[in-house]
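Next comes structure_5.cif, a file with mmCIF, C-alpha atoms.
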data_start
#
loop_
_atom_site.label_atom_id
_atom_site.label_comp_id
_atom_site.auth_asym_id
_atom_site.auth_seq_id
_atom_site.Cartn_x
_atom_site.Cartn_y
_atom_site.Cartn_z
CA MET C 1 97.47 133.22 86.16
CA LEU C 2 94.40 131.47 84.83
CA THR C 3 92.32 133.24 82.21
CA LYS C 4 88.69 134.18 82.78
CA GLY C 5 87.60 131.31 80.53
CA GLN C 6 89.70 128.70 82.32
CA ALA C 7 88.60 129.88 85.77
CA SER C 8 84.95 129.84 84.67
CA CYS C 9 85.33 126.25 83.43
CA LEU C 10 86.82 125.16 86.76
CA VAL C 11 83.90 126.67 88.67
CA LEU C 12 81.35 125.01 86.36
CA ASP C 13 83.33 121.74 86.37
CA TRP C 14 83.67 121.77 82.58
CA GLU C 15 86.67 120.60 80.61
CA PRO C 16 88.63 123.79 79.75
CA THR C 17 88.57 123.33 75.99
CA LYS C 18 88.55 126.43 73.77
CA GLU C 19 84.83 126.04 73.05
CA ASN C 20 83.91 125.50 76.70
CA ARG C 21 85.97 128.51 77.79
CA GLU C 22 83.87 130.77 75.56
CA LYS C 23 80.62 129.17 76.74
CA ALA C 24 81.66 129.52 80.39
CA LYS C 25 82.55 133.20 79.97
CA ASN C 26 79.18 133.85 78.29
CA TYR C 27 77.42 131.97 81.09
CA PHE C 28 78.84 134.28 83.76
CA HIS C 29 78.45 137.36 81.54
CA GLU C 30 74.68 136.77 81.58
CA SER C 31 74.62 135.80 85.26
CA PRO C 32 74.58 137.99 88.41
CA LEU C 33 77.56 135.92 89.53
CA ASP C 34 81.17 136.34 88.49
CA VAL C 35 84.36 134.32 88.94
CA ALA C 36 87.09 135.55 91.28
CA TYR C 37 89.44 134.53 94.08
CA ARG C 38 90.16 136.12 97.45
CA HIS C 39 93.43 138.03 97.70
CA ASP C 40 94.68 135.63 100.42
CA SER C 41 93.76 132.41 98.55
CA ASN C 42 95.15 130.31 95.69
CA PRO C 43 94.33 131.76 92.22
CA LEU C 44 94.03 128.16 90.95
CA GLN C 45 90.91 127.78 93.12
CA PRO C 46 88.33 130.16 91.58
CA ILE C 47 84.93 130.63 93.22
CA ALA C 48 81.69 132.21 92.00
CA PHE C 49 80.71 135.35 93.93
CA ALA C 50 78.00 137.94 93.40
CA GLY C 51 79.23 140.37 90.73
CA GLU C 52 78.25 143.41 92.78
CA VAL C 53 80.19 142.14 95.80
CA ILE C 54 83.32 141.76 93.66
CA LYS C 55 82.99 145.30 92.26
CA LYS C 56 82.51 146.83 95.72
CA ASN C 57 85.50 144.99 97.22
CA PRO C 58 88.27 145.08 94.57
CA TYR C 59 90.99 144.71 97.21
CA VAL C 60 89.43 141.54 98.64
CA TYR C 61 88.24 139.84 95.46
CA LYS C 62 90.60 139.52 92.50
CA THR C 63 89.28 138.78 89.01
CA TYR C 64 90.87 136.92 86.12
CA PRO C 65 92.17 138.52 82.90
CA ASP C 66 90.02 138.07 79.82
CA THR C 67 92.61 137.28 77.14
CA PRO C 68 91.62 138.57 73.68
CA GLU C 69 91.14 135.93 71.00
CA THR C 70 94.08 137.36 69.05
CA SER C 71 96.46 136.96 71.98
CA PRO C 72 98.87 134.02 71.65
CA GLY C 73 98.71 133.40 75.38
CA LEU C 74 99.21 134.89 78.79
CA THR C 75 102.53 135.77 80.32
CA PRO C 76 103.92 132.64 82.00
CA ALA C 77 103.31 132.49 85.74
CA ALA C 78 105.74 131.13 88.33
CA ILE C 79 104.70 128.10 90.31
CA ASP C 80 106.09 126.65 93.53
CA ASP C 81 109.04 124.74 92.08
CA GLY C 82 110.36 127.85 90.37
CA LYS C 83 109.56 126.74 86.82
CA MET C 84 107.64 128.96 84.42
CA PHE C 85 104.28 127.67 83.27
CA ASN C 86 101.88 129.13 80.71
CA PHE C 87 98.36 128.57 82.01
CA GLU C 88 96.89 129.31 78.58
CA SER C 89 98.85 126.47 77.00
CA GLU C 90 97.52 123.08 76.00
CA GLN C 91 100.09 121.64 78.41
CA CYS C 92 98.27 123.22 81.35
CA ILE C 93 94.86 122.06 80.14
CA ASP C 94 96.17 118.53 79.65
CA LEU C 95 97.72 118.57 83.14
CA LEU C 96 94.44 119.56 84.80
CA LEU C 97 92.51 116.87 82.90
CA ARG C 98 95.07 114.18 83.77
CA ILE C 99 94.98 115.15 87.45
CA LYS C 100 91.18 114.90 87.47
CA LYS C 101 91.25 111.50 85.77
CA ALA C 102 93.85 110.15 88.21
CA VAL C 103 91.95 111.48 91.25
CA LEU C 104 88.70 109.84 90.10
CA GLN C 105 90.48 106.52 89.50
CA VAL C 106 92.01 106.51 92.97
CA MET C 107 88.69 107.59 94.52
CA LYS C 108 86.94 104.60 92.94
CA ILE C 109 89.57 102.26 94.40
CA LEU C 110 89.55 103.76 97.89
CA LEU C 111 85.81 104.36 98.37
CA ALA C 112 82.66 102.34 97.78
CA ARG C 113 78.98 103.03 98.38
CA LYS C 114 77.97 99.35 98.41
CA ASP C 115 79.24 96.87 100.98
CA PRO C 116 82.29 95.12 99.42
CA GLN C 117 81.72 92.27 101.92
CA ASN C 118 85.35 92.25 102.98
CA THR C 119 85.88 93.80 106.43
CA ALA C 120 89.51 92.70 106.37
CA LEU C 121 90.15 95.28 103.65
CA PHE C 122 87.45 97.94 104.22
CA ASP C 123 86.14 100.08 107.08
CA HIS C 124 82.72 101.78 107.17
CA SER C 125 82.82 105.51 107.96
CA PHE C 126 80.98 108.77 107.40
CA PHE C 127 82.69 111.13 104.94
CA THR C 128 81.98 114.76 104.14
CA ASN C 129 83.35 116.10 100.85
CA GLN C 130 86.15 117.72 102.85
CA ASP C 131 86.99 114.35 104.46
CA ILE C 132 87.24 112.80 100.99
CA PHE C 133 89.50 115.65 99.87
CA GLN C 134 91.80 115.13 102.88
CA LEU C 135 91.92 111.39 102.18
CA LEU C 136 92.94 112.05 98.57
CA GLN C 137 95.67 114.44 99.70
CA LYS C 138 97.52 111.47 101.21
CA TYR C 139 98.02 110.22 97.67
CA PHE C 140 98.07 113.63 95.91
CA PRO C 141 99.89 115.97 98.35
CA ASP C 142 99.63 118.98 96.00
CA LEU C 143 95.95 118.48 95.16
CA ASP C 144 94.93 121.74 96.84
CA SER C 145 97.18 123.61 94.40
CA TYR C 146 94.85 122.64 91.55
CA TYR C 147 91.38 121.90 92.94
CA THR C 148 89.17 122.53 95.96
CA PHE C 149 87.10 120.06 97.95
CA GLN C 150 83.97 121.73 96.51
CA GLN C 151 85.13 120.80 92.99
CA ILE C 152 85.84 117.22 94.10
CA GLY C 153 82.28 117.10 95.43
CA GLN C 154 80.96 118.26 92.05
CA TRP C 155 82.93 115.49 90.30
CA ILE C 156 81.41 112.85 92.58
CA THR C 157 77.88 114.03 91.78
CA ALA C 158 78.56 114.35 88.04
CA GLU C 159 80.36 111.01 87.70
CA GLU C 160 78.54 108.04 86.16
CA SER C 161 75.57 106.88 88.22
CA ASP C 162 76.66 109.16 91.09
CA PHE C 163 78.99 106.33 92.15
CA LEU C 164 79.25 107.32 95.83
CA GLY C 165 75.56 108.06 96.29
CA LYS C 166 73.69 111.19 97.37
CA LEU C 167 74.67 113.47 100.25
CA THR C 168 72.73 112.84 103.45
CA THR C 169 72.72 114.46 106.88
CA SER C 170 74.06 112.53 109.84
CA ARG C 171 75.10 113.50 113.37
CA VAL C 172 78.86 113.33 113.92
CA ASN C 173 80.16 114.19 117.40
CA GLY C 174 76.75 115.64 118.20
CA LYS C 175 76.69 117.97 115.18
CA PRO C 176 74.73 117.54 111.93
CA GLN C 177 77.02 116.99 108.92
CA ARG C 178 76.33 116.60 105.20
CA GLY C 179 78.12 113.60 103.78
CA ARG C 180 77.96 109.92 102.89
CA TRP C 181 78.40 106.61 104.68
CA LEU C 182 81.10 104.87 102.63
CA TRP C 183 83.33 101.85 102.70
CA VAL C 184 86.99 102.92 102.65
CA LEU C 185 90.01 100.77 101.84
CA LYS C 186 92.28 100.45 104.87
CA GLU C 187 95.42 102.52 104.51
CA ASP C 188 97.84 99.66 105.26
CA HIS C 189 96.63 97.91 102.11
CA ILE C 190 97.72 100.85 99.93
CA MET C 191 100.60 102.68 101.59
CA GLU C 192 103.84 100.72 101.62
CA GLU C 193 107.05 101.24 103.56
CA ASN C 194 110.45 100.79 101.96
CA GLY C 195 111.69 97.29 102.83
CA THR C 196 114.61 95.22 101.58
CA PHE C 197 112.75 93.98 98.51
CA ARG C 198 111.59 97.46 97.45
CA SER C 199 115.09 98.87 97.93
CA HIS C 200 116.49 96.01 95.84
CA CYS C 201 113.94 96.73 93.07
CA LYS C 202 114.92 100.40 92.97
CA GLN C 203 118.57 99.46 92.46
CA GLN C 204 117.76 97.02 89.64
CA VAL C 205 115.35 99.20 87.68
CA ASP C 206 117.62 99.41 84.58
CA ARG C 207 117.95 95.65 84.20
CA TRP C 208 114.65 94.28 85.50
CA VAL C 209 111.01 95.10 84.91
CA ASN C 210 108.31 94.17 87.42
CA ILE C 211 104.88 93.15 86.14
CA GLY C 212 101.90 91.98 88.15
CA TYR C 213 99.13 89.43 87.75
CA VAL C 214 95.78 89.44 89.58
CA ARG C 215 92.90 86.98 89.45
CA LYS C 216 89.35 86.63 90.77
CA SER C 217 87.49 83.35 91.09
CA ASN C 218 83.94 82.87 89.82
CA THR C 219 82.23 84.11 92.99
CA LYS C 220 78.89 85.86 93.44
CA GLU C 221 79.85 89.52 93.94
CA SER C 222 78.56 92.21 91.59
CA VAL C 223 80.57 93.38 88.57
CA GLU C 224 81.20 96.65 90.41
CA SER C 225 82.67 94.86 93.44
CA ARG C 226 84.70 92.51 91.26
CA CYS C 227 86.25 95.43 89.36
CA ARG C 228 87.00 97.29 92.58
CA LEU C 229 88.71 94.26 94.15
CA LEU C 230 90.79 93.60 91.03
CA ASP C 231 91.86 97.25 90.85
CA THR C 232 92.67 97.19 94.57
CA MET C 233 94.94 94.16 94.12
CA ALA C 234 96.54 95.82 91.10
CA THR C 235 97.17 99.02 93.06
CA ARG C 236 98.76 97.03 95.87
CA LEU C 237 101.17 95.37 93.45
CA ILE C 238 102.02 98.72 91.86
CA ASN C 239 102.79 100.29 95.25
CA ARG C 240 104.45 97.31 96.88
CA CYS C 241 106.43 95.89 93.96
CA PHE C 242 106.79 98.87 91.59
CA CYS C 243 104.94 96.96 88.85
CA THR C 244 104.83 98.90 85.60
CA LYS C 245 102.10 96.72 84.06
CA ILE C 246 99.31 94.63 85.56
CA PHE C 247 97.54 91.76 83.81
CA ALA C 248 94.30 90.25 85.07
CA SER C 249 91.95 87.31 84.80
CA ALA C 250 88.59 88.79 85.71
CA VAL C 251 86.74 85.48 86.23
CA CYS C 252 88.97 82.45 86.61
CA PRO C 253 89.21 79.45 88.99
CA THR C 254 92.67 78.99 90.45
CA SER C 255 92.88 75.46 89.04
CA GLN C 256 92.31 76.51 85.42
CA ALA C 257 95.33 76.07 83.13
CA LEU C 258 97.14 79.36 82.60
CA PHE C 259 97.22 78.94 78.81
CA LEU C 260 93.42 78.58 78.68
CA ARG C 261 92.56 81.63 80.74
CA ASP C 262 90.61 84.55 79.27
CA CYS C 263 89.44 82.56 76.28
CA PRO C 264 87.06 84.21 75.63
CA VAL C 265 87.78 87.54 77.31
CA LYS C 266 85.27 88.94 79.85
CA LYS C 267 85.22 92.23 77.96
CA GLU C 268 82.41 93.80 80.00
CA ILE C 269 84.64 93.53 83.09
CA MET C 270 88.06 94.16 81.56
CA ASP C 271 86.86 97.42 79.98
CA ARG C 272 85.96 98.76 83.43
CA LEU C 273 89.34 98.04 85.05
CA SER C 274 91.36 101.22 85.39
CA MET C 275 94.59 99.75 86.79
CA CYS C 276 95.07 96.73 84.49
CA ASN C 277 96.82 96.55 81.12
CA GLY C 278 95.36 93.36 79.71
CA THR C 279 94.40 89.72 80.14
CA THR C 280 96.43 86.53 80.69
CA GLN C 281 96.77 86.19 76.92
CA ASP C 282 98.17 89.73 76.78
CA LEU C 283 100.62 88.68 79.50
CA PHE C 284 101.96 85.87 77.28
CA SER C 285 102.32 88.29 74.39
CA TYR C 286 104.20 90.78 76.56
CA LEU C 287 106.58 88.13 77.92
CA SER C 288 107.32 86.89 74.40
CA ASN C 289 108.41 90.37 73.27
CA CYS C 290 110.05 91.83 76.40
CA ASN C 291 113.84 92.24 76.12
CA LYS C 292 114.46 92.76 79.85
CA ASN C 293 114.58 90.39 82.81
CA VAL C 294 111.06 90.08 84.22
CA ARG C 295 109.76 89.63 87.76
CA LEU C 296 106.18 88.37 87.84
CA CYS C 297 104.55 89.62 91.05
CA ILE C 298 101.41 88.09 92.59
CA ILE C 299 99.54 88.59 95.85
CA ASP C 300 100.01 84.98 97.01
CA PHE C 301 100.62 81.49 95.61
CA ALA C 302 96.95 80.92 94.72
CA GLY C 303 96.93 84.27 92.97
CA LEU C 304 98.64 82.55 90.05
CA SER C 305 97.73 78.85 90.19
CA THR C 306 97.48 75.97 92.64
CA ASP C 307 98.76 73.48 90.05
CA PRO C 308 102.59 73.19 90.34
CA ALA C 309 102.81 71.29 87.02
CA ASP C 310 100.97 74.10 85.25
CA ILE C 311 103.28 76.72 86.78
CA THR C 312 106.29 74.67 85.64
CA SER C 313 104.93 74.55 82.08
CA PHE C 314 104.32 78.29 82.20
CA LEU C 315 107.88 79.02 83.34
CA LYS C 316 109.36 76.77 80.64
CA TYR C 317 107.31 78.63 78.02
CA VAL C 318 108.41 82.11 79.09
CA ASN C 319 112.06 81.04 79.37
#

Is it possible to express this structure as structure tokens?
Amino acid sequence: MLTKGQASCLVLDWEPTKENREKAKNYFHESPLDVAYRHDSNPLQPIAFAGEVIKKNPYVYKTYPDTPETSPGLTPAAIDDGKMFNFESEQCIDLLLRIKKAVLQVMKILLARKDPQNTALFDHSFFTNQDIFQLLQKYFPDLDSYYTFQQIGQWITAEESDFLGKLTTSRVNGKPQRGRWLWVLKEDHIMEENGTFRSHCKQQVDRWVNIGYVRKSNTKESVESRCRLLDTMATRLINRCFCTKIFASAVCPTSQALFLRDCPVKKEIMDRLSMCNGTTQDLFSYLSNCNKNVRLCIIDFAGLSTDPADITSFLKYVN
């Protein structure tokens, strides 16, 4: 069971640190609202209700225990897989924060407010917050065990520059709906089926390591679009080829020599990539120190280089 402080932080969309838990409890103590959950709902999805309503309906609305400061922690609570988990522990707090970070990263790859100018990869659709939540559940099947679609909506609004834009009203199937017109990455570019190559990779995981390389030419798209496209390619390599690391050249013509790439580094772009582990120069460093057999995975031939002599020199160097 969550504590009153943790539940209050979830409702306010605050990180459940010790300091924030106290602030959140004080916030609701001075408010006509209180934090509870319905008896037939998930206790990990707290909601703010009117305090008087909660008091008058104690069998419908369940409140959270207010653990004293001297208490070492709450009694562990059982979760679905049968394991015991202490929701007062730092492990729980860290889990919730890591889930939120991962969800936001995937959301930024899947959805875009601005036209990515690539209809082969993206469709344009209207999304309510609940639609976004259902889309995310394809990649996080247990998401509703930790967060609600209302909380996901709060994250979108609170995230930097409101990256998916403001909610608007639009008619969908003849009914007014609150949501956003967004560009969404087509599912077949993310979800992969198990083929011969993927099965082979699974069997060789102890002896081989798969790493990926992605590249974008010096075209005219915005930094935001460039980062999204690079992260999309990286995600595709991770899902399709089980790549454990991805290296990227953020701005690089396909004819440029591999050994000269990312000199200097486009730091303003690389710092914004969430799915990449470094530049081409970092790739060379990794290959020099790796003690396993390595598969270098790319999207297509031009994704690495169009100069066969340069590729030959590269392969001689890494061998």

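Counting all atoms listed in the file, Arg178 in chain C has the following residues at most 9 Å away, ignoring those fewer than 3 positions along the same chain: Phe127, Thr128, Asn129, Leu167, Thr168, Thr169, Ser170 and Arg171 of chain C.
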
Inset, instruction - Quote the spacing between CA of Cys297 in chain C and CA of Leu273 in chain C in Å to one decimal place. - result: 18.4 Å

Legend entry - Selected residue, from C:Thr3, C:Gln130, C:Ser255, C:Asn20, that lies nearest to Val35 in chain C when counting all atoms listed in the file: C:Thr3

Inset, instruction - Starting from the displayed file, determine the output of the PyMOL selection byres ((chain C and resi 156) around 12) and express the residue list as a ChimeraX atom specification. - result: /C:13,100,103-105,107-108,111-113,128-129,132-133,149-155,157-167,179-180

Inset, instruction - Apply the PyMOL selection byres ((chain C and resi 6) around 9) to the file shown and report the selected residues as a PyMOL selection string. - result: chain C and resi 2-5+7-11+15-18+20-21+24-25+87-88+93

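Computed from the coordinates, the CA of Leu110 in chain C to CA of Asn210 in chain C distance equals 23.5 Å.
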
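Here, the PyMOL selection byres ((chain C and resi 229) around 10) matches Ile109, Pro116, Asn118, Leu121, Val214, Arg215, Lys216, Val223, Glu224, Ser225, Arg226, Cys227, Arg228, Leu230, Asp231, Thr232, Met233, Ala234, Thr235 and Leu273 of chain C.
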
Limited to C-alpha atoms, could you put the picked residues into a file as a PDB file, keeping the file's coordinate frame?
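Below is the file that was written, out09.pdb:
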ATOM      1  CA  ILE C 109      89.570 102.260  94.400  1.00  0.00           C
ATOM      2  CA  PRO C 116      82.290  95.120  99.420  1.00  0.00           C
ATOM      3  CA  ASN C 118      85.350  92.250 102.980  1.00  0.00           C
ATOM      4  CA  LEU C 121      90.150  95.280 103.650  1.00  0.00           C
ATOM      5  CA  VAL C 214      95.780  89.440  89.580  1.00  0.00           C
ATOM      6  CA  ARG C 215      92.900  86.980  89.450  1.00  0.00           C
ATOM      7  CA  LYS C 216      89.350  86.630  90.770  1.00  0.00           C
ATOM      8  CA  VAL C 223      80.570  93.380  88.570  1.00  0.00           C
ATOM      9  CA  GLU C 224      81.200  96.650  90.410  1.00  0.00           C
ATOM     10  CA  SER C 225      82.670  94.860  93.440  1.00  0.00           C
ATOM     11  CA  ARG C 226      84.700  92.510  91.260  1.00  0.00           C
ATOM     12  CA  CYS C 227      86.250  95.430  89.360  1.00  0.00           C
ATOM     13  CA  ARG C 228      87.000  97.290  92.580  1.00  0.00           C
ATOM     14  CA  LEU C 230      90.790  93.600  91.030  1.00  0.00           C
ATOM     15  CA  ASP C 231      91.860  97.250  90.850  1.00  0.00           C
ATOM     16  CA  THR C 232      92.670  97.190  94.570  1.00  0.00           C
ATOM     17  CA  MET C 233      94.940  94.160  94.120  1.00  0.00           C
ATOM     18  CA  ALA C 234      96.540  95.820  91.100  1.00  0.00           C
ATOM     19  CA  THR C 235      97.170  99.020  93.060  1.00  0.00           C
ATOM     20  CA  LEU C 273      89.340  98.040  85.050  1.00  0.00           C
TER      21      LEU C 273
END

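Excluding His39 in chain C itself and any same-chain residue fewer than 6 positions from it, the protein and nucleic acid residues within 7 Å of it, counting all atoms listed in the file, are Val60, Tyr61 and Lys62 of chain C.
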
Inset, instruction - Choose the residue, out of C:Leu135, C:Val184, C:Leu260, C:Cys241, that has the smallest atom-to-atom separation from Lys114 in chain C; count only C-alpha atoms. - result: C:Val184

Legend entry - Atom-to-atom span, CA of Thr196 in chain C and CA of Lys245 in chain C, Å: 21.6 Å

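Residue nearest Tyr286 in chain C, chosen from C:Ile54, C:Ile211, C:Val251, C:Ile238 and counting only C-alpha atoms: C:Ile211.
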
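Using only C-alpha atoms, the shortest contact distance between Leu143 in chain C and any of C:Ser249, C:Ala102, C:Leu304, C:Arg261 is found at C:Ala102.
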
Legend entry - Close residues, Cys276 in chain C itself excluded, 6 Å, only C-alpha atoms, min 2 positions apart in chain, as a PyMOL selection string: chain C and resi 246-247+273-274+278

Inset, instruction - Might you pull out every residue within 9 Å of range 307-315 of chain C, with all atoms listed in the file counted and same-chain residues fewer than 6 positions away left off, and present them as an NGL selection string? - result: :C and (254-259)

Legend entry - Selected residue, from C:Ala120, C:Leu237, C:Leu96, C:Leu44, that lies nearest to Arg295 in chain C when counting all atoms listed in the file: C:Leu237

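Of the residues under consideration (C:Phe242, C:Tyr146, C:Phe122, C:Trp183), C:Phe242 shows the shortest atom-to-atom contact distance to Lys202 in chain C when counting all atoms listed in the file.
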
Legend entry - Non-local contacts of Ser288 in chain C (10 Å; only C-alpha atoms; under 4 positions in same chain excluded) as a PyMOL selection string: chain C and resi 282-284+317-319

Export, as a PDB file, in the coordinates of the input, the selected residues with C-alpha atoms.
ATOM      1  CA  ASP C 282      98.170  89.730  76.780  1.00  0.00           C
ATOM      2  CA  LEU C 283     100.620  88.680  79.500  1.00  0.00           C
ATOM      3  CA  PHE C 284     101.960  85.870  77.280  1.00  0.00           C
ATOM      4  CA  TYR C 317     107.310  78.630  78.020  1.00  0.00           C
ATOM      5  CA  VAL C 318     108.410  82.110  79.090  1.00  0.00           C
ATOM      6  CA  ASN C 319     112.060  81.040  79.370  1.00  0.00           C
TER       7      ASN C 319
END

Give the centre and edge lengths of an axis-aligned box, in Å to one decimal, that holds all listed atoms of range 217-232 of chain C with 5 Å on each side, as AutoDock Vina command-line options.
--center_x 85.6 --center_y 90.1 --center_z 91.6 --size_x 24.1 --size_y 24.4 --size_z 16.0
